[in-house]
>>> print(open('data_27.tsv').read())   # TSV, C-alpha atoms
chain	number	residue	atom	x	y	z
A	1	MET	CA	-159.40	45.13	133.09
A	2	SER	CA	-158.14	47.34	135.94
A	3	PHE	CA	-158.91	46.72	139.58
A	4	PHE	CA	-161.11	49.81	139.80
A	5	ALA	CA	-162.99	48.88	136.64
A	6	LYS	CA	-163.90	45.59	138.30
A	7	ILE	CA	-165.02	47.42	141.41
A	8	GLY	CA	-167.28	49.53	139.19
A	9	LEU	CA	-168.85	46.49	137.54
A	10	TYR	CA	-169.80	44.88	140.83
A	11	GLN	CA	-170.66	47.95	142.87
A	12	ASN	CA	-174.36	47.87	142.01
A	13	LYS	CA	-174.68	44.54	143.81
A	14	PHE	CA	-172.33	45.68	146.62
A	15	ALA	CA	-170.72	42.24	146.46
A	16	ILE	CA	-166.98	42.90	146.58
A	17	PHE	CA	-167.26	46.01	148.73
A	18	ALA	CA	-169.44	44.29	151.36
A	19	ILE	CA	-167.10	41.31	151.59
A	20	CYS	CA	-164.10	43.61	152.08
A	21	ILE	CA	-165.74	45.72	154.78
A	22	ALA	CA	-166.60	42.65	156.81
A	23	LYS	CA	-162.90	41.82	157.21
A	24	THR	CA	-161.89	44.83	159.32
A	25	GLU	CA	-164.97	45.72	161.36
A	26	ASN	CA	-165.35	49.04	159.52
A	27	MET	CA	-162.07	50.68	160.50
A	28	HIS	CA	-162.38	54.16	159.00
A	29	PHE	CA	-159.49	56.00	157.30
A	30	ALA	CA	-159.73	59.57	155.99
A	31	LEU	CA	-157.31	60.07	153.09
A	32	TYR	CA	-155.86	63.57	152.72
A	33	GLY	CA	-153.64	64.87	149.93
A	34	ARG	CA	-153.18	67.89	147.70
A	35	ASN	CA	-152.74	67.84	143.93
A	36	PRO	CA	-150.30	64.91	143.53
A	37	GLY	CA	-148.22	64.61	140.37
A	38	PRO	CA	-148.57	61.70	137.91
A	39	ASP	CA	-145.99	59.49	139.67
A	40	THR	CA	-147.49	60.19	143.08
A	41	ALA	CA	-151.00	59.54	141.82
A	42	SER	CA	-150.00	56.07	140.62
A	43	ARG	CA	-148.56	55.18	144.04
A	44	MET	CA	-151.66	56.56	145.75
A	45	THR	CA	-153.79	54.40	143.46
A	46	ALA	CA	-151.77	51.34	144.52
A	47	LEU	CA	-152.30	52.25	148.18
A	48	LEU	CA	-156.02	52.74	147.59
A	49	GLU	CA	-156.30	49.34	145.96
A	50	HIS	CA	-154.56	47.81	149.00
A	51	LEU	CA	-156.92	49.58	151.42
A	52	ILE	CA	-159.99	48.35	149.53
A	53	ILE	CA	-158.70	44.78	149.54
A	54	LYS	CA	-158.18	45.11	153.30
A	55	GLY	CA	-161.79	46.23	153.64
A	56	VAL	CA	-161.13	49.61	155.23
A	57	ARG	CA	-163.94	52.15	155.13
A	58	LEU	CA	-162.69	55.28	153.33
A	59	SER	CA	-163.32	59.01	153.15
A	60	PHE	CA	-161.50	61.31	150.73
A	61	PHE	CA	-160.48	64.95	150.84
A	62	SER	CA	-162.19	66.62	147.87
A	63	GLU	CA	-158.96	67.75	146.15
A	64	LEU	CA	-157.51	64.24	146.41
A	65	ALA	CA	-160.79	62.75	145.20
A	66	ASP	CA	-160.64	64.91	142.07
A	67	CYS	CA	-157.05	63.79	141.37
A	68	LEU	CA	-157.91	60.12	141.81
A	69	ALA	CA	-160.91	60.51	139.53
A	70	SER	CA	-158.63	62.06	136.88
A	71	ALA	CA	-156.33	59.03	137.28
A	72	GLY	CA	-159.23	56.70	136.44
A	73	VAL	CA	-160.48	55.78	139.93
A	74	ARG	CA	-164.21	55.74	139.24
A	75	PRO	CA	-166.51	55.38	141.05
A	76	LEU	CA	-164.74	56.58	144.20
A	77	PRO	CA	-165.15	53.92	146.92
A	78	GLY	CA	-166.13	56.22	149.79
A	79	GLU	CA	-167.53	59.59	150.84
A	80	VAL	CA	-165.90	62.98	150.24
A	81	PHE	CA	-165.15	65.83	152.68
A	82	ALA	CA	-164.04	69.34	151.78
A	83	SER	CA	-163.02	70.73	155.18
A	84	GLY	CA	-162.68	69.86	158.84
A	85	GLU	CA	-166.33	70.79	159.33
A	86	ASP	CA	-167.63	67.93	157.19
A	87	LEU	CA	-164.94	65.40	158.11
A	88	PRO	CA	-166.91	62.34	159.34
A	89	ALA	CA	-167.09	62.05	163.11
A	90	ASP	CA	-166.14	58.36	163.26
A	91	VAL	CA	-162.74	58.53	161.48
A	92	ASP	CA	-160.17	56.29	163.21
A	93	ILE	CA	-157.03	57.43	161.33
A	94	PHE	CA	-156.43	60.62	159.34
A	95	LEU	CA	-153.92	59.54	156.70
A	96	SER	CA	-151.80	62.32	155.21
A	97	LEU	CA	-150.44	61.40	151.76
A	98	GLY	CA	-147.63	63.74	150.71
A	99	GLY	CA	-144.72	65.55	152.28
A	100	ASP	CA	-144.34	67.59	155.43
A	101	GLY	CA	-146.41	70.46	154.01
A	102	THR	CA	-149.37	68.14	153.57
A	103	PHE	CA	-148.89	66.79	157.08
A	104	LEU	CA	-148.85	70.33	158.51
A	105	SER	CA	-152.09	71.14	156.70
A	106	SER	CA	-153.69	68.09	158.34
A	107	LEU	CA	-153.87	70.12	161.55
A	108	THR	CA	-156.35	72.50	159.93
A	109	MET	CA	-158.60	69.52	159.17
A	110	VAL	CA	-158.58	67.56	162.44
A	111	GLY	CA	-158.24	70.57	164.76
A	112	ARG	CA	-159.31	69.81	168.31
A	113	ARG	CA	-160.99	66.52	167.51
A	114	GLY	CA	-158.08	64.32	168.60
A	115	ILE	CA	-158.16	62.10	165.50
A	116	PRO	CA	-154.72	60.42	165.17
A	117	VAL	CA	-152.80	61.66	162.13
A	118	ALA	CA	-150.41	59.35	160.26
A	119	GLY	CA	-148.21	60.37	157.36
A	120	ILE	CA	-147.03	58.44	154.31
A	121	ASN	CA	-144.24	60.24	152.51
A	122	PHE	CA	-145.04	60.94	148.87
A	123	GLY	CA	-142.91	64.10	148.97
A	124	ARG	CA	-139.15	64.62	149.32
A	125	LEU	CA	-137.57	64.61	152.80
A	126	GLY	CA	-140.75	63.95	154.76
A	127	PHE	CA	-139.40	64.23	158.31
A	128	LEU	CA	-142.87	64.38	159.87
A	129	THR	CA	-144.25	61.45	157.93
A	130	SER	CA	-144.28	57.99	159.46
A	131	ALA	CA	-143.36	55.98	156.39
A	132	GLY	CA	-141.54	56.13	153.12
A	133	SER	CA	-143.18	55.51	149.78
A	134	GLY	CA	-141.21	52.39	148.76
A	135	ASP	CA	-144.28	50.13	148.98
A	136	ALA	CA	-146.77	53.02	148.62
A	137	GLY	CA	-147.23	52.82	152.40
A	138	CYS	CA	-149.01	49.45	152.32
A	139	GLY	CA	-146.83	47.99	155.08
A	140	ILE	CA	-147.50	50.88	157.43
A	141	VAL	CA	-151.22	50.74	156.70
A	142	ASP	CA	-151.22	47.04	157.60
A	143	ARG	CA	-149.59	47.85	160.95
A	144	MET	CA	-152.28	50.42	161.69
A	145	ILE	CA	-155.06	48.01	160.75
A	146	GLU	CA	-153.51	45.45	163.10
A	147	GLY	CA	-153.23	48.03	165.90
A	148	ASP	CA	-149.42	47.92	165.88
A	149	TYR	CA	-148.86	51.62	166.55
A	150	SER	CA	-149.00	54.19	169.34
A	151	VAL	CA	-150.38	57.73	169.52
A	152	ARG	CA	-148.30	60.58	170.91
A	153	LYS	CA	-149.43	64.12	171.64
A	154	ARG	CA	-147.48	66.91	169.93
A	155	SER	CA	-147.70	70.39	171.44
A	156	LEU	CA	-148.90	73.29	169.29
A	157	LEU	CA	-148.29	77.03	169.18
A	158	GLU	CA	-151.16	79.51	169.18
A	159	VAL	CA	-150.74	83.00	167.74
A	160	SER	CA	-152.88	85.98	168.71
A	161	TYR	CA	-152.89	89.14	166.61
A	162	GLY	CA	-155.62	91.71	166.12
A	163	GLY	CA	-155.39	91.60	162.34
A	164	LEU	CA	-155.42	87.85	161.64
A	165	THR	CA	-157.27	87.16	158.41
A	166	PRO	CA	-160.04	84.52	158.42
A	167	ASP	CA	-157.98	82.11	156.30
A	168	ILE	CA	-155.13	81.99	158.83
A	169	TYR	CA	-155.63	79.01	161.13
A	170	PRO	CA	-153.96	80.36	164.31
A	171	TYR	CA	-152.25	77.13	165.44
A	172	ALA	CA	-148.88	75.74	164.34
A	173	LEU	CA	-147.29	72.32	164.71
A	174	ASN	CA	-143.81	73.45	163.57
A	175	GLU	CA	-143.24	77.16	163.95
A	176	ILE	CA	-144.43	80.76	163.86
A	177	THR	CA	-142.15	83.33	162.23
A	178	MET	CA	-141.98	87.08	161.72
A	179	GLN	CA	-139.54	88.13	159.01
A	180	ARG	CA	-138.63	90.91	156.62
A	181	TYR	CA	-139.90	91.20	153.06
A	182	GLY	CA	-137.22	93.55	151.74
A	183	PRO	CA	-133.43	93.86	152.06
A	184	ASN	CA	-133.42	95.80	155.35
A	185	MET	CA	-133.11	94.09	158.73
A	186	ILE	CA	-135.86	94.64	161.28
A	187	GLY	CA	-135.91	95.30	165.00
A	188	ILE	CA	-137.70	92.66	167.02
A	189	GLU	CA	-138.74	93.43	170.58
A	190	VAL	CA	-139.47	90.30	172.61
A	191	SER	CA	-140.98	89.88	176.07
A	192	ILE	CA	-141.18	86.51	177.81
A	193	ASP	CA	-143.83	86.40	180.52
A	194	GLY	CA	-143.69	90.19	180.62
A	195	MET	CA	-139.89	90.41	180.91
A	196	ARG	CA	-138.16	92.27	178.06
A	197	ILE	CA	-135.03	90.81	176.54
A	198	PRO	CA	-132.60	92.81	174.34
A	199	THR	CA	-133.97	93.78	170.94
A	200	TYR	CA	-133.04	91.45	168.10
A	201	TRP	CA	-131.76	93.12	164.92
A	202	ALA	CA	-132.12	90.41	162.33
A	203	ASP	CA	-133.94	89.19	159.24
A	204	GLY	CA	-136.66	87.82	161.48
A	205	LEU	CA	-137.58	85.71	164.48
A	206	LEU	CA	-138.72	82.09	164.65
A	207	ILE	CA	-140.59	80.44	167.53
A	208	ALA	CA	-140.71	76.65	167.20
A	209	THR	CA	-142.14	73.65	168.98
A	210	PRO	CA	-139.97	70.59	169.69
A	211	THR	CA	-141.62	68.97	166.65
A	212	GLY	CA	-140.53	71.94	164.55
A	213	SER	CA	-136.93	71.81	165.81
A	214	THR	CA	-135.93	69.68	162.81
A	215	ALA	CA	-137.63	71.97	160.29
A	216	TYR	CA	-137.09	75.69	159.59
A	217	SER	CA	-135.62	76.21	163.07
A	218	LEU	CA	-132.79	73.78	162.31
A	219	SER	CA	-132.02	75.60	159.07
A	220	VAL	CA	-131.52	78.92	160.88
A	221	GLY	CA	-129.28	77.43	163.56
A	222	GLY	CA	-131.70	76.16	166.19
A	223	PRO	CA	-131.06	73.03	168.27
A	224	VAL	CA	-132.53	69.57	167.73
A	225	VAL	CA	-135.09	68.93	170.50
A	226	VAL	CA	-136.77	65.61	171.35
A	227	PRO	CA	-140.50	65.98	170.49
A	228	ASP	CA	-141.72	65.09	174.00
A	229	SER	CA	-139.82	68.01	175.58
A	230	SER	CA	-141.93	70.72	177.27
A	231	VAL	CA	-140.13	73.68	175.72
A	232	PHE	CA	-140.25	76.19	172.88
A	233	ILE	CA	-137.32	77.47	170.82
A	234	ILE	CA	-136.80	81.18	170.08
A	235	THR	CA	-134.30	81.65	167.25
A	236	PRO	CA	-133.29	84.92	165.54
A	237	MET	CA	-132.88	84.63	161.78
A	238	ALA	CA	-129.51	85.92	160.51
A	239	PRO	CA	-128.96	88.22	163.53
A	240	HIS	CA	-126.77	91.31	163.10
A	241	ASN	CA	-125.00	90.60	166.41
A	242	LEU	CA	-123.08	87.31	166.22
A	243	ASN	CA	-123.28	86.81	170.01
A	244	VAL	CA	-127.05	86.28	169.80
A	245	ARG	CA	-127.99	82.61	170.12
A	246	PRO	CA	-131.22	80.55	170.16
A	247	LEU	CA	-133.09	80.58	173.45
A	248	ILE	CA	-134.98	77.65	175.00
A	249	VAL	CA	-137.96	78.60	177.17
A	250	PRO	CA	-140.60	76.53	179.03
A	251	ASP	CA	-143.70	75.88	176.96
A	252	THR	CA	-145.73	77.58	179.69
A	253	SER	CA	-144.20	80.91	178.60
A	254	GLU	CA	-146.19	83.65	176.90
A	255	ILE	CA	-144.08	85.35	174.23
A	256	GLU	CA	-144.94	88.85	173.02
A	257	VAL	CA	-143.32	90.26	169.89
A	258	VAL	CA	-143.39	93.78	168.43
A	259	ILE	CA	-141.76	94.49	165.06
A	260	ARG	CA	-139.92	97.75	164.27
A	261	SER	CA	-139.53	97.77	160.49
A	262	GLY	CA	-139.35	101.46	159.56
A	263	GLY	CA	-142.71	101.21	157.83
A	264	ARG	CA	-141.70	98.31	155.61
A	265	ARG	CA	-143.73	95.11	155.13
A	266	THR	CA	-143.22	92.21	157.54
A	267	LEU	CA	-144.40	88.65	156.99
A	268	LEU	CA	-146.10	86.57	159.69
A	269	SER	CA	-146.15	82.82	158.99
A	270	VAL	CA	-148.03	80.12	160.89
A	271	ASP	CA	-146.58	76.83	159.61
A	272	ASN	CA	-147.33	77.05	155.87
A	273	ARG	CA	-149.90	79.89	156.10
A	274	PHE	CA	-148.83	83.53	155.95
A	275	MET	CA	-149.98	87.17	155.94
A	276	ASP	CA	-148.66	90.70	156.48
A	277	VAL	CA	-148.25	92.00	160.01
A	278	ALA	CA	-148.32	95.71	160.83
A	279	GLU	CA	-145.45	97.55	162.49
A	280	ASP	CA	-145.76	98.33	166.21
A	281	ARG	CA	-148.59	95.81	166.64
A	282	LYS	CA	-148.21	93.12	169.28
A	283	VAL	CA	-148.08	89.45	168.26
A	284	THR	CA	-148.57	87.00	171.14
A	285	VAL	CA	-147.48	83.37	170.99
A	286	ARG	CA	-148.35	80.76	173.61
A	287	LYS	CA	-148.94	77.02	173.91
A	288	ALA	CA	-152.28	75.94	172.49
A	289	ASP	CA	-154.82	74.41	174.86
A	290	PHE	CA	-154.96	71.24	172.75
A	291	ALA	CA	-152.42	68.98	171.05
A	292	LEU	CA	-152.14	67.06	167.78
A	293	SER	CA	-152.37	63.27	168.08
A	294	CYS	CA	-149.67	61.68	165.90
A	295	VAL	CA	-149.34	58.01	164.98
A	296	THR	CA	-145.87	56.64	165.77
A	297	PHE	CA	-144.20	53.26	165.42
A	298	GLY	CA	-141.82	52.43	168.26
A	299	GLN	CA	-139.90	54.53	170.78
A	300	ALA	CA	-136.85	55.00	168.58
A	301	GLY	CA	-138.67	56.58	165.63
A	302	PHE	CA	-137.36	60.12	166.17
A	303	PHE	CA	-133.71	59.06	166.39
A	304	GLU	CA	-134.12	56.71	163.43
A	305	ALA	CA	-135.45	59.68	161.44
A	306	LEU	CA	-132.41	61.75	162.44
A	307	ASN	CA	-130.13	59.01	161.15
A	308	GLU	CA	-132.06	58.22	157.98
A	309	LYS	CA	-133.31	61.63	156.84
A	310	LEU	CA	-130.80	64.08	158.30
A	311	LEU	CA	-127.78	61.72	158.05
A	312	TRP	CA	-127.03	62.52	161.70
A	313	GLY	CA	-123.34	62.01	162.43
A	314	GLU	CA	-122.62	60.76	158.89
A	315	ASP	CA	-118.86	60.66	158.37
A	316	ARG	CA	-117.18	58.75	155.53
A	317	ARG	CA	-114.13	58.20	157.76
A	318	ASN	CA	-116.18	55.96	160.02
A	319	ASP	CA	-116.55	53.41	157.22
A	320	ARG	CA	-112.81	52.70	157.48
A	321	ILE	CA	-112.73	52.32	161.25
A	322	LYS	CA	-113.35	48.84	162.67
A	323	TYR	CA	-114.30	48.41	166.33
>>> encode(input="data_27.tsv", output="structure tokens")
Amino acid sequence: MSFFAKIGLYQNKFAIFAICIAKTENMHFALYGRNPGPDTASRMTALLEHLIIKGVRLSFFSELADCLASAGVRPLPGEVFASGEDLPADVDIFLSLGGDGTFLSSLTMVGRRGIPVAGINFGRLGFLTSAGSGDAGCGIVDRMIEGDYSVRKRSLLEVSYGGLTPDIYPYALNEITMQRYGPNMIGIEVSIDGMRIPTYWADGLLIATPTGSTAYSLSVGGPVVVPDSSVFIITPMAPHNLNVRPLIVPDTSEIEVVIRSGGRRTLLSVDNRFMDVAEDRKVTVRKADFALSCVTFGQAGFFEALNEKLLWGEDRRNDRIKY
């Protein structure tokens, strides 16, 4: 008989569940994930079993709850939320289960509420996530239950545009981009605190936070920036002029962008959300008036991630050199 079948048998008497809850003084985790595959679902089930044994109080994002139910987790040992509006007020940790895309979407759930977000990597690279999936994240969960973690604030970008659709959450943890749809380059007029800089002729423009410096920005030639830095990165995407380079500006700057596309479609993206933006209409980007609280483990986590996930400085020749 499976673990969850046993939970079902005893749930009417609340025996096992009550004993478990007593162990951790009702620490409350919200579990967030989106449509995991069969392999991921099995690891998530193992993590869920571990959390129940530890006696953690649980809430589940509705899409994740449906996937767990399909995997045989019935009855679900906790309440369900469908959006940030019905996310319980007393959540201690918002646990993102997936890759970086899932972690980015966590922002739309916790918003301004300051709930610490932790990530367990059930995706591929998972640079934003705090743990790998080797033990289904059980070790990291134990550290959080024991209080062996810290919370750091990550700055966010806010985009203002007269035509934002209701489904576009206007805040980004990684980056905001404006880029071409078709084969023609676009003209990008940029002002920083009211001061015009030369027009970019490129495939697009990317404005990133320090957190986002290791994401899309890095792929288009932007620098690696330590997450605690008080700056933003402005990077043209495939610029026509090769003497154009990324620009670092203070995060107090207000950046205004106008696209000249010759009437062609232009895409505006806000992390992993996107929409069309009209030509000759101003897009304003500034620092948001709130930050995302991220769970971290130790001061060296960022540099360890560079070494482990980006193979920073990897050189096979070094293996033959003895110091």
>>> atom_distance(input="data_27.tsv", atom1="atom CA of Phe60 of chain A", atom2="atom CA of Ser105 of chain A")
14.9 Å
>>> residues_around(input="data_27.tsv", residues="segment 253-267 of chain A", least_positions_apart="2", cutoff="8 Å", atoms="all atoms listed in the file", output="count of residues only")
34
>>> closest_residue(input="data_27.tsv", among="A:Gly204, A:Pro246, A:Pro198, A:Pro239", to="Gly221 of chain A", atoms="only C-alpha atoms")
A:Pro246
>>> residues_near_point(input="data_27.tsv", point="(-158.9, 60.0, 149.2)", cutoff="10 Å", atoms="only C-alpha atoms", output="ChimeraX atom specification")
/A:29-34,44-45,48,58-69,76-81,95-97
>>> closest_residue(input="data_27.tsv", among="A:Leu292, A:Met195, A:Leu128, A:Ile53", to="Ser213 of chain A", atoms="all atoms listed in the file")
A:Leu128
>>> atom_distance(input="data_27.tsv", atom1="atom CA of Val159 of chain A", atom2="atom CA of Tyr171 of chain A")
6.5 Å
>>> closest_residue(input="data_27.tsv", among="A:Asn307, A:Thr211, A:Asn121, A:Thr296", to="Gly147 of chain A", atoms="only C-alpha atoms")
A:Thr296
>>> atom_distance(input="data_27.tsv", atom1="atom CA of Val73 of chain A", atom2="atom CA of Leu87 of chain A")
21.0 Å
>>> closest_residue(input="data_27.tsv", among="A:Arg43, A:Arg154, A:Lys54, A:His28", to="Ala136 of chain A", atoms="all atoms listed in the file")
A:Arg43
>>> closest_residue(input="data_27.tsv", among="A:Asp86, A:Asp167, A:Asp142, A:Asp203", to="Pro183 of chain A", atoms="all atoms listed in the file")
A:Asp203
>>> residues_around(input="data_27.tsv", residues="Ile207 of chain A", least_positions_apart="5", cutoff="6 Å", atoms="all atoms listed in the file", output="PyMOL selection string")
chain A and resi 175-176+233-234
>>> axis_aligned_box(input="data_27.tsv", around="segment 68-81 of chain A", padding_each_side="3 Å", output="JSON")
{"center_x": -161.9, "center_y": 59.9, "center_z": 144.6, "size_x": 17.2, "size_y": 17.9, "size_z": 22.2}
>>> closest_residue(input="data_27.tsv", among="A:Ala41, A:Leu157, A:Glu304, A:Thr235", to="Phe122 of chain A", atoms="all atoms listed in the file")
A:Ala41
